[in-house]
Structures are given as structure tokens and as C-alpha cells.
Amino acid sequence: MTKNLTEGKPMGLIIRFAFPVLLAMLFQQFYNLVDTMIVGKFLGSEALAAVGSTGSLNFMVIGFCIGICSGFAIPMAQSFGAGDENELKRYIGNAFWLCVVTSIVMAIATGLLCRTILVIMRTPEDIIDTSYSYIHIIFWGIPVTYLYNMLSSMIRSVGDSKTPVIFLGLSSVLNIILDIVLITIVKMGVSGAAVATVTAQAISGLLCLAYLKKKFPILQPSKEQWHFRRRYAGKLCMIGIPMGLQYSITAIGSIILQTAVNSLGTLYVASVTAGTKLHMFFGCVFDALGSTSATYTGQNIGAKKADRVQEGIRDCMILGSIYAVFALAVFFFFSNPLISLFANATDPNYRRILANARLLLLWNGAFYIPLAGVNIYRFCIQGMGYSQTAIISGALEMAARAFVGLALIPRFGYVAAVTASPIAWIAANSFLIPAYYHYLRKQKRILGYDG
């Protein structure tokens with residue numbers, strides 16, 4: 001069930017590994033898309049705006065969960081690449097205890113504070129109650145977010161990128177059914193969408209756990225290996241926490257940007273929501289290439305094959321660039337029918353939402369090659385073990401989005417808002433690309449590679 005990424009041609013390995021990862025991410029985004037589509041179609045533009053107004057806050061908190069789980073998996077991938085099964089299992093045991101404590105603390109803190117944060121973000125008064133009823137359920141479900149993401153990261157660390165997507169695919173069907181039932185029949189409103197998302201992810205996590213116990217003895221620590229050890233916990237935190245903070249720091253800029261968009265009114269919040277949901281769905285390819293580059297780099301560094309890292313990252317960028325051109329073409333020719341999935345044609349703001357969301361998609365799509373670089377180079381640096389340094393790129397993204405939100409949107413309005421992400425991606429790459437070459441040379445020196 002495991003897969004060694006340290007032997008064979010990188011391009012073929014990357015494609016075979018990344019494709020299941022991509023499917024898993026598409027299914028995760030499918031959760032969000034279905035939620036948003038049903039909310040927009042059945043509950044109207046105000047409900048759509050309510051869900052959308054929580055997007056950056058959701059990304060800050062849930063992104064931290066995903067980031068920390070991905071970071072915990074890097075020492076596991078390095079141990080697997082080095083052939084050290086005992087060390088791999090000790091990392092798993094310590095990661096479990098860290099996830100339990102972190103998930104409980106985060107769920108309580110965010111669940112209690114989310115309404116206060118929505119007020120600080122200047123969420124429009126006509127949607128703040130609806131926004132709260134959605135996001136506080138998502139936050140109380142943080143432990144199941146940790147459950148699925150930690151288990152799937154563990155399985156991917158040993159080269160199996162297929163198993164997590166199977167269970168996530170099954171649960172996505174449940175998510176759609178629950179959305180329809182809870183929103184259209186039970187009449188729970190946006191709360192139904194949140195309950196559906198949390199329930200579906202819980203089921204995918206439990207299925208992943210059952211399958212892991214049955215099929216992956218290499219991922220099952222012995223009683224002694226479950227013991228908490230500061231050395232292993234320390235390394236996990238040293239890599240995992242910076243990766244989580246990287247997401248959160250980036251999201252702070254998004255929160256400042258969202259606050260500025262909120263001040264423009266419900267129409268523009270709904271437009272950004274529709275455009276952003278589609279962007280996130282199409283951006284899954286870049287996320288998958290990033291996740292793949294982290295595992296690929298981690299295994300090859302563990303196996304002391306730093307020479308293979310550069311070849312693999314080059315192939316990732318080739319794949320990302322080809323897809324970027326394709327995605328822009330799709331946005332140019334098909335953006336309106338795609339956006340219409342999220343809006344009710346009878347809504348008086350329907351045409352304005354279409355036009356505004358299309359503008360956002362075209363701006364983002366035109367800069368998808370830099371977005372590919374952000375994901376691939378950042379995760380490669382983290383795969384080499386330098387996740388603390390990669391935080392700088394997140395800080396640059398935060399600064400760029402904050403600048404647009406604080407300085408440009410008040411002056412130029414919505415037109416400025418659509419430029420925020422491209423500016424952030426360019427700012428992040430200004431650090432990531434030089435840092436990648438610096439740390440690759442450093443790794444070659446550490447490993448005694450003279451090629």
C-alpha cells in the first residue's frame with residue numbers, strides 16, 4: 001500500500017501521486033461548492049453573502065488545522081524515506097497526542113469567539129446572524145477536521161495518495177444528500193449546510209481510521225511507541241506549527257481584505273463568494289502539486305537524494321503552467337454559466353453578481369502560473385524541513401492583501417479587490433524562488449552531495 005518516491009522518473013511519479021491527491025482536494029472543495037450552490041439557489045443572495053463573509057475566517061482557522069497536519073507528516077515522510085520504521089511510528093504516536101490537545105483547544109476558543117470576530121470584521125448587519133449560525137458549527141467540528149486531515153496526511157507520507165480520496169468521495173455523496181435534506185426539507189437554512197459538511201468529514205475520517213487499522217501496520221505504533229516524547233513532539237511542532245501559522249498568517253490578510261469587501265455591501269460580498277468558490281475549486285490542482293512536492297521532497301531528502309528534488313520540482317512547475325493556461329481559457333469562455341450555478345436568475349442582483357465574479361476569475365486566472373510557484377516552492381521548502389522560513393512568504397501575502405484592503409479598496413472599490421490575490425502571489429514568489437535554490441544548495445552540502 002506504500003509508494004516509494006525516491007526511485008524512477010519524477011514526472012511519472014508526480015502525476016501518479018498527485019492525481020489521487022487532486023481528487024481528494026476536489027471532493028473537499030465539492031463540499032463547499034455544493035453548500036454554496038444550494039444556499040445561493042434556495043436561500044438567495046443574502047444567505048450566499050452570509051456564507052461567503054465567513055470564508056477568510058474559515059480559511060484562517062481550518063487552514064491552520066490542515067497546515068499543522070501536513071507539517072506533522074513531513075518527519076513521517078522523511079523517516080519512511082530513510083527506512084526507519086521505529087522512528088516513523090514514534091512520530092505518529094506523538095502527533096496523535098498533539099492533535100487531540102490542539103483540536104479541543106481550538107474548537108472551544110473559536111466556537112466562543114467567532115461572533116465577536118464577525119463583528120470586528122464589519123459583517124453587514126443584515127447577514128451577521130446568518131453568518132454566525134453557519135461558521136460556529138464549522139468551528140465546533142474542528143476535531144473531525146483534524147481526524148481526517150491527520151490520517152490522510154499519514155497515509156500520503158508513506159506514498160499512498162489513493163486511499164484517502166476513496167473515503168472522501170463516498171462521504172461527498174452523503175454531504176450532497178444531507179445538504180438537500182437539511183436545507184430544502186428540514187428548513188435548517190445555512191446551519192444545515194454546516195452540519196452536512198461536518199458530518200460528511202467525520203464519516204470520511206472514521207472510514208480512513210478503520211482502513212488504516214486494517215491495511216497499514218507500518219502506521220500503527222506499539223504501546224511503547226505511543227508514549228509522549230519531547231524530542232519527537234518538538235520536531236513535529238517545529239515543522240507543523242509554522243505550516244499551520246503560514247495558512248493563518250496568509251488568512252489575516254484575507255480577513256482584512258474581506259472586511260474591506262464587507263464594507264462595500266452585500267452585493268459585492270455575494271460576488272466575491274461566487275468567484276472565490278470557483279477559484280478555489282480550479283485552484284485544487286495547484287494545491288495537489290504543492291502537497292505532492294512536500295511528500296516527494298521529504299522522501300528524497302530522507303533518502304539522501306537531494307539531486308532528485310530539483311528535477312521533480314521542475315516537472316511540477318511544467319505541469320502547473322500547462323494547467324494554468326487551460327484554467328484561464330475556461331474562465332474566459334465559460335465563466336458566466338459557471339457563476340450562474342451559485343446565483344438565482346430571479347434575484348435582482350443576478351447580472352451584477354455574474355459580471356463582478358467574472359472579473360475576479362479573469363484576474364486570478366491570468367496569474368495562475370505565479371500561484372503554481374507559490375504552492376510548489378513553498379511546500380518543497382517545507383519538505384526539506386524549513387517550514388519556519390516559509391512563513392515569510394505567508395507574511396508577504398498577508399501584507400499584500402492587507403495593503404489592497406486598507407489602501408486600495410477604500411479608494412477604488414471592487415476593482416481593487418480583484419487584484420489582491422495576484423499581487424499577493426507575486427509578493428510571495430519574490431521570496432520563495434530564491435529561498436528554494438538557497439535551501440536546495442544547503443541540503444546538498446549537508447548530505448555531502450557533490451553533483
# chains A, B, ... in the order shown; residues from 1 in each chain; ligands from 1

$ residues_around --residues "Val34 in chain A" --least-positions-apart "5" --cutoff "9 Å" --atoms "only C-alpha atoms" --output "ChimeraX atom specification"
/A:29,39,175-176,179,193

$ write_last_selection --atoms "N, CA, C and O atoms" --output "short mmCIF file (atom, residue, chain, number, x, y, z; two decimals), in the first residue's frame"
data_model
loop_
_atom_site.label_atom_id
_atom_site.label_comp_id
_atom_site.auth_asym_id
_atom_site.auth_seq_id
_atom_site.Cartn_x
_atom_site.Cartn_y
_atom_site.Cartn_z
N GLN A 29 -13.37 20.46 -1.90
CA GLN A 29 -13.94 21.69 -2.43
C GLN A 29 -15.38 21.48 -2.89
O GLN A 29 -16.20 22.40 -2.86
N VAL A 39 -27.21 26.88 -1.12
CA VAL A 39 -27.54 28.09 -0.36
C VAL A 39 -27.96 29.21 -1.31
O VAL A 39 -28.98 29.89 -1.11
N ASN A 175 -22.66 14.20 1.80
CA ASN A 175 -22.74 15.63 2.00
C ASN A 175 -23.82 16.27 1.13
O ASN A 175 -24.60 17.11 1.58
N ILE A 176 -23.90 15.84 -0.12
CA ILE A 176 -24.90 16.37 -1.04
C ILE A 176 -26.31 16.02 -0.55
O ILE A 176 -27.21 16.86 -0.52
N ASP A 179 -27.13 18.07 2.52
CA ASP A 179 -27.41 19.45 2.14
C ASP A 179 -28.86 19.61 1.68
O ASP A 179 -29.58 20.51 2.12
N ALA A 193 -26.25 23.48 6.00
CA ALA A 193 -25.05 23.31 5.18
C ALA A 193 -23.83 23.02 6.04
O ALA A 193 -22.98 22.18 5.70
#

$ residues_around --residues "Ile249 in chain A" --least-positions-apart "5" --cutoff "12 Å" --atoms "only C-alpha atoms" --output "PyMOL selection string"
chain A and resi 56-57+59-61+63-64+67+241-244+254-256+390-402

$ residues_around --residues "Gly283 in chain A" --least-positions-apart "4" --cutoff "10 Å" --atoms "only C-alpha atoms" --output "ChimeraX atom specification"
/A:22,25-26,29,276-279,287-288,323-324,327,364-365,368,371-372

$ write_last_selection --atoms "all heavy atoms" --output "compact mmCIF listing (two decimals), in the first residue's frame"
# COMPACT_ATOMS: atom_id res chain seq x y z
N LEU A 22 -5.26 15.25 -5.94
CA LEU A 22 -6.14 16.22 -6.58
C LEU A 22 -7.61 15.83 -6.42
O LEU A 22 -8.46 16.66 -6.10
CB LEU A 22 -5.79 16.33 -8.06
CG LEU A 22 -6.76 17.14 -8.94
CD1 LEU A 22 -6.83 18.58 -8.46
CD2 LEU A 22 -6.34 17.08 -10.41
N MET A 25 -8.77 16.66 -2.96
CA MET A 25 -8.99 18.09 -2.77
C MET A 25 -10.23 18.57 -3.51
O MET A 25 -10.96 19.45 -3.03
CB MET A 25 -7.76 18.87 -3.21
CG MET A 25 -6.56 18.64 -2.31
SD MET A 25 -5.10 19.54 -2.84
CE MET A 25 -3.99 19.19 -1.45
N LEU A 26 -10.48 18.00 -4.68
CA LEU A 26 -11.68 18.35 -5.43
C LEU A 26 -12.93 17.95 -4.65
O LEU A 26 -13.93 18.68 -4.63
CB LEU A 26 -11.68 17.69 -6.81
CG LEU A 26 -10.69 18.26 -7.83
CD1 LEU A 26 -10.69 17.42 -9.09
CD2 LEU A 26 -11.01 19.72 -8.16
N GLN A 29 -13.37 20.46 -1.90
CA GLN A 29 -13.94 21.69 -2.43
C GLN A 29 -15.38 21.48 -2.89
O GLN A 29 -16.20 22.40 -2.86
CB GLN A 29 -13.09 22.22 -3.58
CG GLN A 29 -11.77 22.81 -3.16
CD GLN A 29 -11.95 23.95 -2.17
OE1 GLN A 29 -12.88 24.75 -2.26
NE2 GLN A 29 -11.05 24.04 -1.19
N THR A 276 -14.84 33.39 -5.71
CA THR A 276 -13.81 32.72 -4.89
C THR A 276 -14.05 31.22 -4.81
O THR A 276 -13.10 30.43 -4.83
CB THR A 276 -13.78 33.33 -3.48
OG1 THR A 276 -13.47 34.72 -3.59
CG2 THR A 276 -12.72 32.65 -2.62
N LYS A 277 -15.31 30.79 -4.70
CA LYS A 277 -15.60 29.37 -4.65
C LYS A 277 -15.12 28.66 -5.92
O LYS A 277 -14.55 27.57 -5.86
CB LYS A 277 -17.10 29.14 -4.45
CG LYS A 277 -17.63 29.54 -3.08
CD LYS A 277 -17.05 28.69 -1.97
CE LYS A 277 -17.64 29.07 -0.62
NZ LYS A 277 -17.08 28.27 0.49
N LEU A 278 -15.35 29.27 -7.07
CA LEU A 278 -14.89 28.68 -8.33
C LEU A 278 -13.36 28.71 -8.41
O LEU A 278 -12.74 27.73 -8.86
CB LEU A 278 -15.49 29.44 -9.52
CG LEU A 278 -16.96 29.12 -9.80
CD1 LEU A 278 -17.54 30.10 -10.81
CD2 LEU A 278 -17.10 27.69 -10.32
N HIS A 279 -12.77 29.81 -7.99
CA HIS A 279 -11.30 29.90 -7.98
C HIS A 279 -10.69 28.81 -7.10
O HIS A 279 -9.72 28.16 -7.48
CB HIS A 279 -10.86 31.27 -7.49
CG HIS A 279 -9.49 31.29 -6.89
ND1 HIS A 279 -8.35 31.06 -7.62
CD2 HIS A 279 -9.08 31.49 -5.61
CE1 HIS A 279 -7.30 31.12 -6.82
NE2 HIS A 279 -7.71 31.38 -5.59
N ASP A 287 -2.87 23.15 -5.37
CA ASP A 287 -2.75 22.60 -4.01
C ASP A 287 -2.23 21.16 -4.06
O ASP A 287 -1.41 20.76 -3.23
CB ASP A 287 -4.11 22.63 -3.30
CG ASP A 287 -4.60 24.04 -3.05
OD1 ASP A 287 -3.76 24.93 -2.87
OD2 ASP A 287 -5.83 24.25 -3.05
N ALA A 288 -2.73 20.38 -5.03
CA ALA A 288 -2.30 18.99 -5.15
C ALA A 288 -0.82 18.90 -5.53
O ALA A 288 -0.08 18.06 -5.01
CB ALA A 288 -3.15 18.27 -6.19
N TYR A 323 -1.52 23.64 -16.86
CA TYR A 323 -2.87 23.72 -16.32
C TYR A 323 -3.32 25.17 -16.18
O TYR A 323 -4.49 25.49 -16.40
CB TYR A 323 -2.96 23.02 -14.97
CG TYR A 323 -4.30 23.23 -14.31
CD1 TYR A 323 -5.43 22.53 -14.76
CD2 TYR A 323 -4.45 24.14 -13.27
CE1 TYR A 323 -6.67 22.75 -14.18
CE2 TYR A 323 -5.68 24.35 -12.69
CZ TYR A 323 -6.78 23.66 -13.15
OH TYR A 323 -8.01 23.89 -12.58
N ALA A 324 -2.41 26.08 -15.82
CA ALA A 324 -2.76 27.48 -15.63
C ALA A 324 -3.34 28.08 -16.92
O ALA A 324 -4.33 28.83 -16.88
CB ALA A 324 -1.54 28.28 -15.19
N ALA A 327 -6.90 26.65 -17.39
CA ALA A 327 -7.88 27.23 -16.47
C ALA A 327 -8.30 28.63 -16.92
O ALA A 327 -9.48 28.98 -16.86
CB ALA A 327 -7.31 27.27 -15.05
N ASN A 364 -7.64 36.45 -11.45
CA ASN A 364 -6.94 35.34 -10.82
C ASN A 364 -6.34 34.41 -11.85
O ASN A 364 -5.17 34.00 -11.74
CB ASN A 364 -7.89 34.56 -9.91
CG ASN A 364 -8.15 35.26 -8.59
OD1 ASN A 364 -7.59 36.32 -8.31
ND2 ASN A 364 -9.02 34.70 -7.78
N GLY A 365 -7.13 34.02 -12.86
CA GLY A 365 -6.66 33.08 -13.87
C GLY A 365 -5.44 33.58 -14.62
O GLY A 365 -4.56 32.79 -15.00
N TYR A 368 -2.22 32.54 -12.67
CA TYR A 368 -2.16 31.20 -12.11
C TYR A 368 -0.76 30.58 -12.16
O TYR A 368 -0.46 29.69 -11.35
CB TYR A 368 -3.17 30.29 -12.81
CG TYR A 368 -4.53 30.23 -12.12
CD1 TYR A 368 -4.78 30.97 -10.95
CD2 TYR A 368 -5.55 29.43 -12.61
CE1 TYR A 368 -6.01 30.92 -10.33
CE2 TYR A 368 -6.79 29.37 -11.98
CZ TYR A 368 -7.01 30.11 -10.84
OH TYR A 368 -8.22 30.05 -10.21
N LEU A 371 0.75 31.49 -9.01
CA LEU A 371 0.11 30.70 -7.94
C LEU A 371 0.69 29.30 -7.89
O LEU A 371 0.91 28.75 -6.79
CB LEU A 371 -1.40 30.64 -8.17
CG LEU A 371 -2.18 29.74 -7.20
CD1 LEU A 371 -2.00 30.20 -5.75
CD2 LEU A 371 -3.67 29.72 -7.57
N ALA A 372 0.96 28.71 -9.05
CA ALA A 372 1.61 27.38 -9.08
C ALA A 372 2.95 27.44 -8.36
O ALA A 372 3.30 26.56 -7.56
CB ALA A 372 1.79 26.91 -10.52

$ closest_residue --among "A:Cys65, A:Val51, A:Leu362, A:Ile322" --to "Ser335 in chain A" --atoms "only C-alpha atoms"
A:Leu362

$ residues_around --residues "Lys305 in chain A" --least-positions-apart "4" --cutoff "12 Å" --atoms "only C-alpha atoms" --output "ChimeraX atom specification"
/A:5-7,78,81-82,296-301,309-312,384,440,443-451

$ closest_atom_pairs --of "range 53-150 of chain A" --to "range 227-231 of chain A" --cutoff "12 Å" --atoms "only C-alpha atoms" --output "tab-separated table"
residue	atom	partner	partner_atom	distance
A:Glu87	CA	A:Arg231	CA	11.2
A:Lys89	CA	A:His227	CA	10.6
A:Arg90	CA	A:His227	CA	8.0
A:Tyr91	CA	A:Arg229	CA	9.2
A:Ile92	CA	A:Phe228	CA	10.3
A:Gly93	CA	A:His227	CA	6.8
A:Asn94	CA	A:Phe228	CA	5.5
A:Ala95	CA	A:Phe228	CA	9.1
A:Phe96	CA	A:Phe228	CA	9.4
A:Trp97	CA	A:Phe228	CA	7.5
A:Leu98	CA	A:Phe228	CA	9.2

$ write_last_selection --atoms "C-alpha atoms" --output "short mmCIF file (atom, residue, chain, number, x, y, z; two decimals), in the first residue's frame"
data_model
loop_
_atom_site.label_atom_id
_atom_site.label_comp_id
_atom_site.auth_asym_id
_atom_site.auth_seq_id
_atom_site.Cartn_x
_atom_site.Cartn_y
_atom_site.Cartn_z
CA GLU A 87 11.06 6.50 14.19
CA LYS A 89 5.79 5.13 14.44
CA ARG A 90 7.12 7.33 17.26
CA TYR A 91 6.25 10.40 15.22
CA ILE A 92 2.74 9.01 14.66
CA GLY A 93 2.20 8.38 18.38
CA ASN A 94 3.32 11.87 19.35
CA ALA A 95 1.35 13.51 16.54
CA PHE A 96 -1.80 11.85 17.90
CA TRP A 97 -1.47 13.47 21.32
CA LEU A 98 -0.63 16.84 19.84
#

$ residues_around --residues "range 136-142 of chain A" --least-positions-apart "4" --cutoff "12 Å" --atoms "only C-alpha atoms" --output "count of residues only"
56

$ closest_residue --among "A:Pro410, A:Gly52, A:Gly8, A:Pro434" --to "Gly275 in chain A" --atoms "only C-alpha atoms"
A:Gly52

$ closest_residue --among "A:Ala270, A:Val415, A:Leu151, A:Leu264" --to "Lys213 in chain A" --atoms "only C-alpha atoms"
A:Leu151

$ residues_around --residues "Cys380 in chain A" --least-positions-apart "2" --cutoff "6 Å" --atoms "only C-alpha atoms" --output "list in words"
Ser293, Ala294, Thr297, Tyr377, Arg378, Gln382 and Gly383 of chain A
